[in-house]
file data_39.cif (mmCIF, C-alpha atoms and all ligand atoms)
data_data
#
loop_
_atom_site.label_atom_id
_atom_site.label_comp_id
_atom_site.auth_asym_id
_atom_site.auth_seq_id
_atom_site.Cartn_x
_atom_site.Cartn_y
_atom_site.Cartn_z
CA MET A 22 120.44 -19.91 6.64
CA SER A 23 122.68 -16.99 5.80
CA SER A 24 123.14 -14.93 2.66
CA PRO A 25 126.51 -14.02 1.17
CA HIS A 26 125.20 -10.49 0.52
CA SER A 27 127.74 -7.74 1.07
CA GLY A 28 127.41 -5.74 4.26
CA GLY A 29 127.62 -8.56 6.77
CA GLU A 30 125.88 -11.87 7.37
CA ARG A 31 122.17 -12.04 6.81
CA GLU A 32 119.57 -14.56 7.91
CA LYS A 33 116.63 -15.72 5.90
CA LEU A 34 113.17 -14.57 6.90
CA VAL A 35 110.43 -16.88 5.66
CA SER A 36 106.92 -15.66 6.34
CA LYS A 37 103.77 -14.45 4.59
CA LEU A 38 102.77 -11.04 3.29
CA PRO A 39 99.62 -9.94 1.42
CA ALA A 40 100.19 -9.75 -2.34
CA HIS A 41 99.35 -6.04 -2.54
CA LEU A 42 102.01 -5.23 0.08
CA GLN A 43 104.59 -7.38 -1.74
CA GLN A 44 103.81 -5.47 -4.91
CA ALA A 45 103.90 -2.04 -3.24
CA LEU A 46 107.19 -2.92 -1.54
CA LYS A 47 108.77 -4.03 -4.81
CA VAL A 48 107.67 -0.91 -6.70
CA ARG A 49 108.64 1.55 -3.96
CA ALA A 50 112.02 -0.09 -3.39
CA ALA A 51 112.65 0.18 -7.14
CA GLN A 52 111.56 3.82 -7.20
CA LEU A 53 113.87 4.65 -4.33
CA GLN A 54 116.69 2.47 -5.68
CA THR A 55 116.73 0.49 -2.45
CA ASP A 56 117.18 -3.25 -1.94
CA MET A 57 113.99 -4.98 -0.84
CA GLN A 58 115.82 -6.65 2.04
CA ASP A 59 117.04 -3.26 3.31
CA ALA A 60 113.50 -1.90 3.03
CA VAL A 61 112.09 -4.79 5.08
CA ALA A 62 114.88 -4.49 7.66
CA GLY A 63 114.21 -0.72 7.90
CA GLY A 64 110.49 -1.37 8.38
CA ILE A 65 111.11 -3.95 11.11
CA ARG A 66 113.48 -1.62 12.95
CA ALA A 67 110.92 1.21 12.76
CA TRP A 68 108.22 -1.21 13.98
CA ARG A 69 110.34 -2.29 16.94
CA GLU A 70 110.97 1.33 17.91
CA CYS A 71 107.33 2.36 17.51
CA ALA A 72 105.73 2.79 20.92
CA ASP A 73 102.21 3.48 19.58
CA GLU A 74 99.72 0.71 18.99
CA LEU A 75 99.60 0.15 15.24
CA PRO A 76 96.39 -0.52 13.31
CA SER A 77 95.89 -4.14 12.38
CA VAL A 78 96.56 -5.06 8.73
CA ASN A 79 94.25 -7.53 6.96
CA THR A 80 96.53 -10.47 6.25
CA ALA A 81 93.88 -12.96 5.15
CA GLY A 82 95.15 -15.00 2.21
CA ALA A 83 98.71 -13.65 2.54
CA ASP A 84 101.20 -15.20 0.09
CA SER A 85 104.53 -16.67 1.10
CA PHE A 86 107.33 -14.14 1.29
CA GLY A 87 111.04 -14.45 1.97
CA THR A 88 113.95 -12.07 2.31
CA TYR A 89 117.23 -11.72 4.18
CA LEU A 90 117.70 -9.69 7.36
CA PRO A 91 120.84 -8.63 9.23
CA GLU A 92 121.89 -11.26 11.76
CA GLY A 93 119.85 -11.24 14.96
CA LEU A 94 117.07 -8.92 13.74
CA TYR A 95 114.59 -11.71 13.00
CA GLU A 96 114.98 -13.23 16.48
CA ASP A 97 114.54 -9.81 18.16
CA PHE A 98 111.51 -9.14 15.97
CA LYS A 99 109.89 -12.47 16.84
CA ALA A 100 110.46 -11.84 20.56
CA ASP A 101 108.76 -8.42 20.19
CA CYS A 102 105.84 -10.00 18.34
CA ARG A 103 105.31 -12.45 21.20
CA GLU A 104 105.53 -9.64 23.73
CA ARG A 105 103.02 -7.48 21.80
CA GLY A 106 100.71 -10.42 21.27
CA VAL A 107 100.69 -10.19 17.46
CA SER A 108 101.45 -12.96 14.98
CA TYR A 109 104.75 -12.80 13.05
CA ILE A 110 102.73 -12.31 9.86
CA GLN A 111 100.85 -9.35 11.36
CA GLY A 112 104.09 -7.85 12.70
CA LEU A 113 105.75 -8.12 9.30
CA ALA A 114 102.74 -6.58 7.53
CA GLN A 115 102.72 -3.67 9.97
CA SER A 116 106.48 -3.20 9.46
CA VAL A 117 106.08 -3.03 5.69
CA VAL A 118 103.16 -0.58 5.98
CA LEU A 119 105.34 1.57 8.27
CA TRP A 120 108.24 1.54 5.81
CA LEU A 121 105.95 2.51 2.93
CA ALA A 122 104.56 5.41 4.97
CA ASP A 123 108.04 6.56 6.04
CA ASN A 124 109.45 6.31 2.51
CA PRO A 125 107.10 8.05 0.08
CA ALA A 126 107.85 7.76 -3.63
CA GLY A 127 108.33 11.52 -3.85
CA ALA A 128 111.30 11.32 -1.50
CA GLN A 129 113.66 10.56 -4.37
CA GLU A 130 116.31 13.24 -4.53
CA THR A 131 116.48 14.03 -8.20
CA THR A 132 115.26 12.67 -11.49
CA ARG A 133 117.88 10.42 -13.04
CA ARG A 134 119.03 11.40 -16.52
CA ILE A 135 120.41 8.76 -18.84
CA ILE A 136 121.83 9.92 -22.17
CA VAL A 137 122.18 7.16 -24.75
CA CYS A 138 124.79 8.41 -27.15
CA ASN A 139 127.41 7.65 -29.78
CA GLN A 140 128.10 9.83 -32.80
CA LYS A 141 128.51 6.67 -34.88
CA GLY A 142 125.33 5.92 -36.79
CA GLY A 143 123.30 2.73 -36.58
CA VAL A 144 124.96 1.22 -33.50
CA GLY A 145 121.67 0.84 -31.61
CA LYS A 146 121.16 4.10 -29.70
CA THR A 147 117.45 4.12 -30.48
CA ALA A 148 117.00 0.40 -29.80
CA VAL A 149 118.82 0.68 -26.45
CA SER A 150 117.05 3.91 -25.40
CA ALA A 151 113.67 2.36 -26.09
CA GLY A 152 114.48 -1.02 -24.51
CA LEU A 153 116.08 0.46 -21.40
CA ALA A 154 113.19 2.87 -20.87
CA GLN A 155 110.69 0.04 -21.27
CA ALA A 156 112.58 -2.20 -18.82
CA LEU A 157 112.67 0.60 -16.25
CA ALA A 158 108.95 1.30 -16.64
CA GLU A 159 107.49 -2.20 -16.88
CA ALA A 160 105.61 -3.57 -13.91
CA PRO A 161 108.04 -5.51 -11.70
CA ASN A 162 105.59 -8.42 -11.54
CA ALA A 163 105.11 -8.65 -15.33
CA VAL A 164 106.30 -11.93 -16.85
CA GLY A 165 110.07 -11.81 -17.25
CA ALA A 166 110.38 -8.30 -15.72
CA ALA A 167 113.67 -7.08 -14.32
CA ALA A 168 112.28 -6.29 -10.84
CA VAL A 169 113.89 -2.86 -11.13
CA GLY A 170 110.92 -1.43 -12.98
CA GLY A 171 107.74 0.31 -12.00
CA LEU A 172 109.35 3.69 -12.59
CA ARG A 173 107.86 6.73 -14.31
CA VAL A 174 110.04 7.06 -17.37
CA LEU A 175 110.22 9.72 -20.07
CA LEU A 176 111.85 8.91 -23.40
CA VAL A 177 113.10 12.00 -25.19
CA ASP A 178 113.52 11.62 -28.95
CA TYR A 179 116.36 14.11 -29.37
CA ASP A 180 117.20 12.97 -32.89
CA PRO A 181 115.70 14.93 -35.80
CA GLN A 182 115.55 11.66 -37.75
CA GLY A 183 112.69 10.72 -35.40
CA HIS A 184 113.32 6.97 -35.56
CA LEU A 185 112.25 6.40 -31.97
CA THR A 186 109.05 8.35 -32.49
CA HIS A 187 108.15 6.39 -35.64
CA GLN A 188 109.07 3.04 -34.10
CA LEU A 189 106.56 3.64 -31.36
CA GLY A 190 103.84 4.40 -33.88
CA LEU A 191 103.86 8.19 -33.58
CA THR A 192 104.66 11.04 -35.94
CA ALA A 193 107.31 13.68 -35.41
CA ILE A 194 106.18 17.23 -34.64
CA PRO A 195 106.03 19.11 -37.98
CA ALA A 196 108.34 22.05 -38.71
CA GLY A 197 107.27 25.31 -37.11
CA GLU A 198 105.04 23.66 -34.49
CA GLU A 199 105.78 23.92 -30.79
CA SER A 200 108.23 21.26 -29.63
CA LEU A 201 111.22 20.65 -27.40
CA ILE A 202 113.18 22.87 -29.78
CA THR A 203 110.84 25.81 -29.14
CA HIS A 204 111.32 25.30 -25.41
CA MET A 205 115.09 25.20 -25.86
CA LEU A 206 115.59 28.11 -28.26
CA HIS A 207 112.49 30.32 -28.07
CA ARG A 208 110.97 29.89 -24.65
CA GLU A 209 109.11 33.18 -24.98
CA GLN A 210 107.11 31.69 -27.88
CA ALA A 211 106.10 28.52 -26.04
CA LYS A 212 102.38 28.34 -25.27
CA ARG A 213 102.03 24.79 -23.95
CA SER A 214 103.81 22.91 -21.21
CA LEU A 215 106.25 20.27 -22.46
CA LEU A 216 104.32 17.68 -20.44
CA ASP A 217 101.34 18.31 -22.74
CA LEU A 218 103.54 17.40 -25.68
CA THR A 219 104.47 14.02 -24.22
CA VAL A 220 102.51 10.93 -25.25
CA ALA A 221 101.88 7.76 -23.20
CA ILE A 222 103.20 4.51 -24.67
CA SER A 223 100.47 1.92 -24.58
CA GLY A 224 101.01 -1.58 -23.23
CA GLU A 225 99.61 -3.05 -20.04
CA ARG A 226 103.04 -3.79 -18.65
CA PHE A 227 103.94 -0.09 -18.73
CA GLY A 228 100.80 0.93 -16.82
CA GLY A 229 100.85 4.49 -18.18
CA ARG A 230 104.28 5.09 -16.61
CA LEU A 231 106.17 5.30 -19.91
CA ARG A 232 105.86 8.45 -22.01
CA ILE A 233 107.71 9.88 -25.00
CA LEU A 234 108.49 13.43 -26.02
CA PRO A 235 108.33 13.03 -29.80
CA ALA A 236 111.01 14.24 -32.19
CA ALA A 237 110.62 17.55 -34.00
CA PHE A 238 111.65 18.27 -37.58
CA ASP A 239 113.00 21.58 -36.28
CA ALA A 240 115.69 19.66 -34.43
CA PHE A 241 117.64 19.68 -37.74
CA LEU A 242 118.17 23.38 -37.01
CA LEU A 243 119.16 22.94 -33.39
CA ASP A 244 122.92 23.18 -33.83
CA SER A 245 122.70 26.36 -35.90
CA GLY A 246 120.05 27.75 -33.54
CA LEU A 247 122.34 27.16 -30.58
CA THR A 248 125.20 28.95 -32.36
CA ILE A 249 123.26 32.21 -32.17
CA PHE A 250 121.46 31.39 -28.93
CA ARG A 251 121.83 34.14 -26.36
CA GLY A 252 122.29 32.29 -23.12
CA PRO A 253 124.12 29.27 -21.80
CA ARG A 254 123.94 26.91 -24.81
CA HIS A 255 125.15 23.87 -22.96
CA ALA A 256 122.30 24.32 -20.45
CA ALA A 257 119.55 24.73 -23.07
CA LEU A 258 118.28 21.15 -22.83
CA GLU A 259 118.37 21.18 -19.05
CA ARG A 260 116.36 24.41 -18.85
CA ALA A 261 113.74 23.05 -21.24
CA LEU A 262 113.32 19.69 -19.49
CA ALA A 263 113.55 20.95 -15.89
CA PRO A 264 109.77 21.51 -15.50
CA LEU A 265 109.15 17.89 -16.56
CA GLU A 266 111.45 16.33 -14.01
CA GLU A 267 109.01 16.23 -11.11
CA HIS A 268 106.76 13.98 -13.19
CA PHE A 269 109.38 11.31 -13.88
CA ASP A 270 111.84 9.11 -12.00
CA VAL A 271 114.08 8.66 -15.02
CA ILE A 272 114.53 10.58 -18.27
CA VAL A 273 116.20 8.67 -21.11
CA VAL A 274 117.49 10.72 -24.04
CA ASP A 275 117.95 9.08 -27.46
CA SER A 276 120.71 11.09 -29.11
CA PRO A 277 121.41 11.77 -32.79
CA PRO A 278 124.53 10.35 -34.46
CA SER A 279 126.53 13.56 -34.18
CA LEU A 280 128.82 15.60 -32.00
CA GLY A 281 127.99 19.29 -31.86
CA LEU A 282 126.32 21.91 -29.74
CA ALA A 283 123.09 19.93 -29.43
CA MET A 284 125.05 16.94 -28.16
CA ASP A 285 127.02 19.12 -25.74
CA ALA A 286 123.69 20.19 -24.26
CA ALA A 287 122.68 16.52 -23.92
CA LEU A 288 126.02 15.47 -22.37
CA ASN A 289 125.78 18.35 -19.92
CA TYR A 290 122.24 17.28 -19.02
CA GLY A 291 123.61 13.86 -18.04
CA ARG A 292 126.32 15.28 -15.76
CA GLN A 293 126.43 14.45 -12.09
CA ARG A 294 124.53 17.18 -10.24
CA ASP A 295 125.59 18.50 -6.85
CA GLY A 296 124.62 15.98 -4.20
CA GLU A 297 123.56 13.37 -6.73
CA LYS A 298 124.64 9.80 -6.09
CA PRO A 299 127.40 8.55 -8.40
CA GLY A 300 125.93 6.26 -11.03
CA ALA A 301 122.49 7.89 -10.86
CA SER A 302 122.88 9.87 -14.09
CA GLY A 303 125.26 9.63 -17.00
CA LEU A 304 125.84 8.08 -20.36
CA VAL A 305 125.01 4.69 -21.80
CA VAL A 306 127.03 4.10 -24.96
CA PRO A 307 125.95 1.43 -27.46
CA VAL A 308 128.90 0.11 -29.46
CA GLU A 309 129.52 -2.73 -31.87
CA ALA A 310 132.16 -5.41 -31.72
CA GLU A 311 134.28 -4.05 -34.57
CA ASP A 312 137.28 -1.73 -35.04
CA THR A 313 135.43 1.32 -36.42
CA SER A 314 133.30 1.33 -33.29
CA ALA A 315 136.43 1.55 -31.13
CA GLN A 316 137.69 4.55 -33.15
CA ALA A 317 134.33 6.32 -32.82
CA TYR A 318 134.34 5.68 -29.09
CA GLY A 319 137.74 7.37 -28.83
CA MET A 320 136.27 10.52 -30.38
CA LEU A 321 133.34 10.49 -28.01
CA ILE A 322 135.71 10.23 -25.03
CA GLN A 323 137.63 13.27 -26.29
CA GLN A 324 134.41 15.25 -26.56
CA ILE A 325 133.34 14.24 -23.05
CA ASP A 326 136.76 15.15 -21.65
CA SER A 327 136.86 18.57 -23.25
CA LEU A 328 133.31 19.42 -22.18
CA SER A 329 134.04 18.25 -18.63
CA ARG A 330 137.15 20.43 -18.51
CA ASP A 331 135.49 23.50 -20.07
CA PHE A 332 132.57 23.47 -17.67
CA ASP A 333 134.22 21.79 -14.72
CA ILE A 334 131.62 19.06 -14.59
CA VAL A 335 131.62 15.28 -14.08
CA ILE A 336 130.04 13.24 -16.86
CA GLU A 337 129.91 9.63 -15.83
CA GLN A 338 129.77 6.78 -18.28
CA LEU A 339 127.33 4.33 -16.75
CA GLY A 340 128.32 1.66 -19.20
CA LEU A 341 128.67 0.29 -22.70
CA VAL A 342 126.22 -1.94 -24.51
CA VAL A 343 127.84 -4.17 -27.10
CA ASN A 344 125.03 -4.39 -29.62
CA LYS A 345 124.21 -6.58 -32.60
CA PHE A 346 126.76 -9.12 -31.47
CA ASP A 347 127.15 -12.17 -33.66
CA SER A 348 129.96 -14.54 -32.73
CA ARG A 349 129.63 -16.20 -36.14
CA ARG A 350 131.46 -13.15 -37.48
CA GLY A 351 134.53 -14.78 -36.00
CA TYR A 352 137.74 -13.39 -34.60
CA ILE A 353 137.01 -9.69 -35.22
CA ALA A 354 133.77 -9.91 -33.27
CA THR A 355 135.06 -12.02 -30.38
CA SER A 356 138.37 -10.15 -29.96
CA SER A 357 136.56 -6.77 -30.15
CA LEU A 358 134.13 -7.93 -27.49
CA ASP A 359 137.09 -8.94 -25.30
CA LYS A 360 138.59 -5.48 -25.76
CA TRP A 361 135.39 -3.78 -24.66
CA LYS A 362 135.22 -6.06 -21.65
CA THR A 363 138.82 -5.49 -20.61
CA LEU A 364 138.20 -1.73 -20.42
CA GLY A 365 136.51 -2.47 -17.09
CA THR A 366 135.51 1.17 -16.69
CA PRO A 367 132.98 1.83 -18.05
CA PRO A 368 131.60 -1.68 -17.64
CA VAL A 369 129.89 -3.65 -20.39
CA LEU A 370 126.29 -3.65 -19.20
CA ALA A 371 125.06 -6.19 -21.74
CA VAL A 372 125.94 -7.96 -24.95
CA VAL A 373 122.88 -7.82 -27.18
CA PRO A 374 122.71 -10.38 -29.96
CA ASP A 375 121.69 -9.55 -33.49
CA VAL A 376 118.13 -10.84 -33.30
CA LYS A 377 115.07 -10.66 -35.49
CA GLU A 378 112.62 -9.52 -32.80
CA GLN A 379 114.11 -6.01 -32.67
CA ARG A 380 113.55 -5.46 -36.37
CA GLU A 381 110.10 -7.05 -36.22
CA ALA A 382 109.04 -4.80 -33.34
CA VAL A 383 110.25 -1.76 -35.32
CA ARG A 384 108.32 -2.87 -38.38
CA LYS A 385 105.18 -3.42 -36.32
CA GLN A 386 105.73 -0.10 -34.50
CA ARG A 387 105.42 -1.79 -31.11
CA PRO A 388 107.60 -1.52 -27.98
CA LEU A 389 109.95 -4.51 -28.00
CA LEU A 390 109.21 -5.56 -24.43
CA ASP A 391 105.51 -5.59 -25.22
CA TYR A 392 105.90 -7.28 -28.61
CA ALA A 393 108.35 -9.98 -27.50
CA PRO A 394 108.71 -9.79 -23.70
CA ASP A 395 110.54 -13.08 -23.49
CA CYS A 396 113.04 -12.74 -26.34
CA GLU A 397 116.78 -12.59 -25.71
CA GLN A 398 116.99 -8.91 -26.57
CA SER A 399 114.23 -8.00 -24.08
CA HIS A 400 116.15 -9.88 -21.40
CA GLN A 401 119.33 -7.98 -22.30
CA MET A 402 117.43 -4.69 -22.03
CA ARG A 403 116.40 -5.67 -18.50
CA LYS A 404 120.01 -6.54 -17.77
CA ILE A 405 120.99 -3.00 -18.77
CA ALA A 406 118.25 -1.65 -16.47
CA ARG A 407 119.64 -3.72 -13.60
CA GLY A 408 123.15 -2.59 -14.51
CA VAL A 409 122.30 1.10 -14.20
CA LYS A 410 120.56 0.59 -10.85
CA VAL A 411 121.99 2.83 -8.18
CA THR A 412 123.24 0.93 -5.15
N1 LIG A 501 120.38 -6.12 -31.35
C1 LIG A 501 119.83 -5.89 -32.52
N2 LIG A 501 119.47 -6.92 -33.33
C2 LIG A 501 118.94 -6.70 -34.54
N3 LIG A 501 118.73 -5.50 -35.05
C3 LIG A 501 119.06 -4.44 -34.31
C4 LIG A 501 119.61 -4.57 -33.01
N4 LIG A 501 119.84 -3.32 -32.51
C5 LIG A 501 119.44 -2.46 -33.45
N5 LIG A 501 118.99 -3.12 -34.54
C6 LIG A 501 118.51 -2.54 -35.79
O1 LIG A 501 119.62 -1.86 -36.38
C7 LIG A 501 119.19 -0.64 -36.97
C8 LIG A 501 119.95 0.52 -36.31
O2 LIG A 501 119.62 0.54 -34.94
P1 LIG A 501 119.24 1.90 -34.21
O3 LIG A 501 118.28 2.68 -35.03
O4 LIG A 501 118.83 1.58 -32.82
O5 LIG A 501 120.68 2.61 -34.21
P2 LIG A 501 121.02 4.12 -33.90
O6 LIG A 501 122.37 4.15 -33.30
O7 LIG A 501 119.93 4.73 -33.13
O8 LIG A 501 121.02 4.76 -35.35
P3 LIG A 501 121.15 6.32 -35.71
O9 LIG A 501 122.58 6.64 -35.52
O10 LIG A 501 120.70 6.42 -37.12
O11 LIG A 501 120.27 7.04 -34.77
C9 LIG A 501 117.70 -0.56 -36.77
O12 LIG A 501 117.07 -1.08 -37.90
C10 LIG A 501 117.45 -1.48 -35.59
O13 LIG A 501 116.15 -2.04 -35.58
MG MG A 502 118.81 6.45 -33.53
#
call {"tool": "encode", "arguments": {"input": "data_39.cif", "output": "structure tokens", "more": "lines below"}}
Ligand SMILES: Nc1ncnc2c1ncn2[C@@H]1O[C@H](COP(=O)(O)OP(=O)(O)OP(=O)(O)O)[C@@H](O)[C@H]1O
Ligand SMILES: [Mg+2]
result
Amino acid sequence: MSSPHSGGEREKLVSKLPAHLQQALKVRAAQLQTDMQDAVAGGIRAWRECADELPSVNTAGADSFGTYLPEGLYEDFKADCRERGVSYIQGLAQSVVLWLADNPAGAQETTRRIIVCNQKGGVGKTAVSAGLAQALAEAPNAVGAAAVGGLRVLLVDYDPQGHLTHQLGLTAIPAGEESLITHMLHREQAKRSLLDLTVAISGERFGGRLRILPAAFDAFLLDSGLTIFRGPRHAALERALAPLEEHFDVIVVDSPPSLGLAMDAALNYGRQRDGEKPGASGLVVPVEAEDTSAQAYGMLIQQIDSLSRDFDIVIEQLGLVVNKFDSRRGYIATSSLDKWKTLGTPPVLAVVPDVKEQREAVRKQRPLLDYAPDCEQSHQMRKIARGVKVT
């Protein structure tokens, strides 16, 4: 049987693999933004090349496992198994163990930065930031999960309104207390590490991987503080968050509904860094299917263009999320959706319906994917997570 997957013909491998190795493979492949089938193929190649005798893996009670391999590899592998006197199941388990050892989680090049932004208010920046972060962090084997998850994700509430912080049942950092703003504007006064200020989001499906840096009331003063800041203003957010990066695979920033110096610092933080894969970091822009949303988007594009020119940087738009879509609103909604789709670049990552679960989760101060893991909006959040996967 062959797969239509790009990159040549592939043949199906049907075998067995212990559940813990299947899980580890899924999580590591997600962390490294690699396809599972490429990981297995890489492991089998390494196994075939390995001249040393490999320790036997306990495969008792292994569960069925299937994937696709490049043409011919499975036959070669089976021939090697026969020659080495090991079962196909043992050979596969050893290959996966080898791949895991050769590809440690820490080998990821750089922490991905995703800035969720739009200066238009109420379009769903906070809802999308939270949902995307949850989808990226949730265990890949959780019911309904996107299979891109298992990542260590930091949500940064960069909006002085603090909606994200409140929605997750926390309180914003009071005025005058140490916060992200202290680390951006007055580093010399900071006494704690920013990691200490982050809080884990509870929920079994997030397994302690999802954390939030709560909002600070002082963020209302950020724009004016940056005006008199002595130093590179546009790099202020990057400098503050840099020490946190080693602790996370992805940092998602929920932006305020404004365009100003604080937003320039956020846009700059989402730029493509030297050597970073295209599509790894950038902007996710929630929009609505109506004309005012299109006008606001035009302004955002201008801001991105001028910042990119001024600092000679590349700020990639990873995609749009058409939020609160309700086709019952008729022609305006459906024709606006068509317009967003015909843009092509950036792509529409998801169309999120106007659904009650989002508002209920907010009211109950619970993460949406924990409160209603199977609702349409949760599925759309996972679609966004799959859409921003680096290939
Ligand atoms: N798909 C949806 N279905 C139903 N309600 C939604 C949806 N998306 C967002 N909402 C609700 O709409 C309101 C505005 O959403 P949200 O706070 O995410 O927007 P925002 O762009 O972050 O706003 P602000 O500009 O004030 O930061 C919230 O009450 C939120 O719960
Ligand atoms: Mg918001």
call {"tool": "closest_atom_pairs", "arguments": {"input": "data_39.cif", "of": "chain A", "to": "ligand MG 502 (chain A)", "cutoff": "6 Å", "atoms": "only C-alpha atoms and all ligand atoms", "output": "Markdown table"}}
result
| residue | atom | partner | partner_atom | distance |
| --- | --- | --- | --- | --- |
| A:Lys146 | CA | A:MG502 | MG | 5.1 |
| A:Thr147 | CA | A:MG502 | MG | 4.1 |
| A:His184 | CA | A:MG502 | MG | 5.9 |
| A:Pro277 | CA | A:MG502 | MG | 6.0 |
call {"tool": "atom_distance", "arguments": {"input": "data_39.cif", "atom1": "CA of Asp359 in chain A", "atom2": "CA of Ala310 in chain A"}}
result
8.8 Å
call {"tool": "residues_around", "arguments": {"input": "data_39.cif", "residues": "range 58-66 of chain A", "least_positions_apart": "4", "cutoff": "6 Å", "atoms": "only C-alpha atoms", "output": "PyMOL selection string"}}
result
chain A and resi 88-90+116-117+119-120
call {"tool": "residues_near_ligand", "arguments": {"input": "data_39.cif", "ligand": "ligand LIG 501 (chain A)", "cutoff": "6 Å", "atoms": "all atoms listed in the file", "output": "ChimeraX atom specification"}}
result
/A:141-148,277-278,344-345,373-377,379-380,383
call {"tool": "write_last_selection", "arguments": {"input": "data_39.cif", "atoms": "C-alpha atoms", "output": "CSV table (one decimal), keeping the file's coordinate frame"}}
result
chain,number,residue,atom,x,y,z
A,141,LYS,CA,128.5,6.7,-34.9
A,142,GLY,CA,125.3,5.9,-36.8
A,143,GLY,CA,123.3,2.7,-36.6
A,144,VAL,CA,125.0,1.2,-33.5
A,145,GLY,CA,121.7,0.8,-31.6
A,146,LYS,CA,121.2,4.1,-29.7
A,147,THR,CA,117.4,4.1,-30.5
A,148,ALA,CA,117.0,0.4,-29.8
A,277,PRO,CA,121.4,11.8,-32.8
A,278,PRO,CA,124.5,10.4,-34.5
A,344,ASN,CA,125.0,-4.4,-29.6
A,345,LYS,CA,124.2,-6.6,-32.6
A,373,VAL,CA,122.9,-7.8,-27.2
A,374,PRO,CA,122.7,-10.4,-30.0
A,375,ASP,CA,121.7,-9.6,-33.5
A,376,VAL,CA,118.1,-10.8,-33.3
A,377,LYS,CA,115.1,-10.7,-35.5
A,379,GLN,CA,114.1,-6.0,-32.7
A,380,ARG,CA,113.6,-5.5,-36.4
A,383,VAL,CA,110.2,-1.8,-35.3
call {"tool": "atom_distance", "arguments": {"input": "data_39.cif", "atom1": "CA of Asp391 in chain A", "atom2": "CA of Gly224 in chain A"}}
result
6.3 Å
call {"tool": "atom_distance", "arguments": {"input": "data_39.cif", "atom1": "CA of Leu370 in chain A", "atom2": "CA of Glu267 in chain A"}}
result
27.6 Å
call {"tool": "closest_residue", "arguments": {"input": "data_39.cif", "among": "A:Val35, A:Leu247, A:Val169, A:Ile222", "to": "Arg49 in chain A", "atoms": "all atoms listed in the file"}}
result
A:Val169
call {"tool": "closest_residue", "arguments": {"input": "data_39.cif", "among": "A:Cys138, A:Ala114, A:Ala240, A:Leu341", "to": "Leu321 in chain A", "atoms": "all atoms listed in the file"}}
result
A:Cys138
call {"tool": "closest_residue", "arguments": {"input": "data_39.cif", "among": "A:Thr192, A:Gln324, A:Thr132, A:Gln401", "to": "Met284 in chain A", "atoms": "all atoms listed in the file"}}
result
A:Gln324
call {"tool": "residues_around", "arguments": {"input": "data_39.cif", "residues": "Ala256 in chain A", "least_positions_apart": "5", "cutoff": "12 Å", "atoms": "all atoms listed in the file", "output": "short mmCIF file (atom, residue, chain, number, x, y, z; two decimals) with C-alpha atoms, in the coordinates of the input"}}
result
data_model
loop_
_atom_site.label_atom_id
_atom_site.label_comp_id
_atom_site.auth_asym_id
_atom_site.auth_seq_id
_atom_site.Cartn_x
_atom_site.Cartn_y
_atom_site.Cartn_z
CA MET A 205 115.09 25.20 -25.86
CA LEU A 206 115.59 28.11 -28.26
CA LEU A 247 122.34 27.16 -30.58
CA PHE A 250 121.46 31.39 -28.93
CA ARG A 251 121.83 34.14 -26.36
CA ALA A 261 113.74 23.05 -21.24
CA LEU A 262 113.32 19.69 -19.49
CA ALA A 263 113.55 20.95 -15.89
CA LEU A 282 126.32 21.91 -29.74
CA ALA A 283 123.09 19.93 -29.43
CA MET A 284 125.05 16.94 -28.16
CA ASP A 285 127.02 19.12 -25.74
CA ALA A 286 123.69 20.19 -24.26
CA ALA A 287 122.68 16.52 -23.92
CA LEU A 288 126.02 15.47 -22.37
CA ASN A 289 125.78 18.35 -19.92
CA TYR A 290 122.24 17.28 -19.02
CA GLY A 291 123.61 13.86 -18.04
CA ARG A 292 126.32 15.28 -15.76
CA PHE A 332 132.57 23.47 -17.67
#
call {"tool": "closest_residue", "arguments": {"input": "data_39.cif", "among": "A:Leu191, A:Glu198, A:Leu94, A:Trp68", "to": "Thr219 in chain A", "atoms": "all atoms listed in the file"}}
result
A:Leu191
call {"tool": "closest_residue", "arguments": {"input": "data_39.cif", "among": "A:Leu46, A:Cys71, A:Ala156, A:Val335", "to": "Arg403 in chain A", "atoms": "only C-alpha atoms"}}
result
A:Ala156
call {"tool": "closest_residue", "arguments": {"input": "data_39.cif", "among": "A:Ile353, A:Leu216, A:Ala122, A:Ala317", "to": "Pro264 in chain A", "atoms": "only C-alpha atoms"}}
result
A:Leu216
call {"tool": "residues_near_point", "arguments": {"input": "data_39.cif", "point": "(110.1, 4.9, -12.3)", "cutoff": "9 Å", "atoms": "all atoms listed in the file", "output": "ChimeraX atom specification"}}
result
/A:48,51-53,157-159,169-174,230-231,269-271
call {"tool": "write_last_selection", "arguments": {"input": "data_39.cif", "atoms": "C-alpha atoms", "output": "short mmCIF file (atom, residue, chain, number, x, y, z; two decimals), keeping the file's coordinate frame"}}
result
data_model
loop_
_atom_site.label_atom_id
_atom_site.label_comp_id
_atom_site.auth_asym_id
_atom_site.auth_seq_id
_atom_site.Cartn_x
_atom_site.Cartn_y
_atom_site.Cartn_z
CA VAL A 48 107.67 -0.91 -6.70
CA ALA A 51 112.65 0.18 -7.14
CA GLN A 52 111.56 3.82 -7.20
CA LEU A 53 113.87 4.65 -4.33
CA LEU A 157 112.67 0.60 -16.25
CA ALA A 158 108.95 1.30 -16.64
CA GLU A 159 107.49 -2.20 -16.88
CA VAL A 169 113.89 -2.86 -11.13
CA GLY A 170 110.92 -1.43 -12.98
CA GLY A 171 107.74 0.31 -12.00
CA LEU A 172 109.35 3.69 -12.59
CA ARG A 173 107.86 6.73 -14.31
CA VAL A 174 110.04 7.06 -17.37
CA ARG A 230 104.28 5.09 -16.61
CA LEU A 231 106.17 5.30 -19.91
CA PHE A 269 109.38 11.31 -13.88
CA ASP A 270 111.84 9.11 -12.00
CA VAL A 271 114.08 8.66 -15.02
#
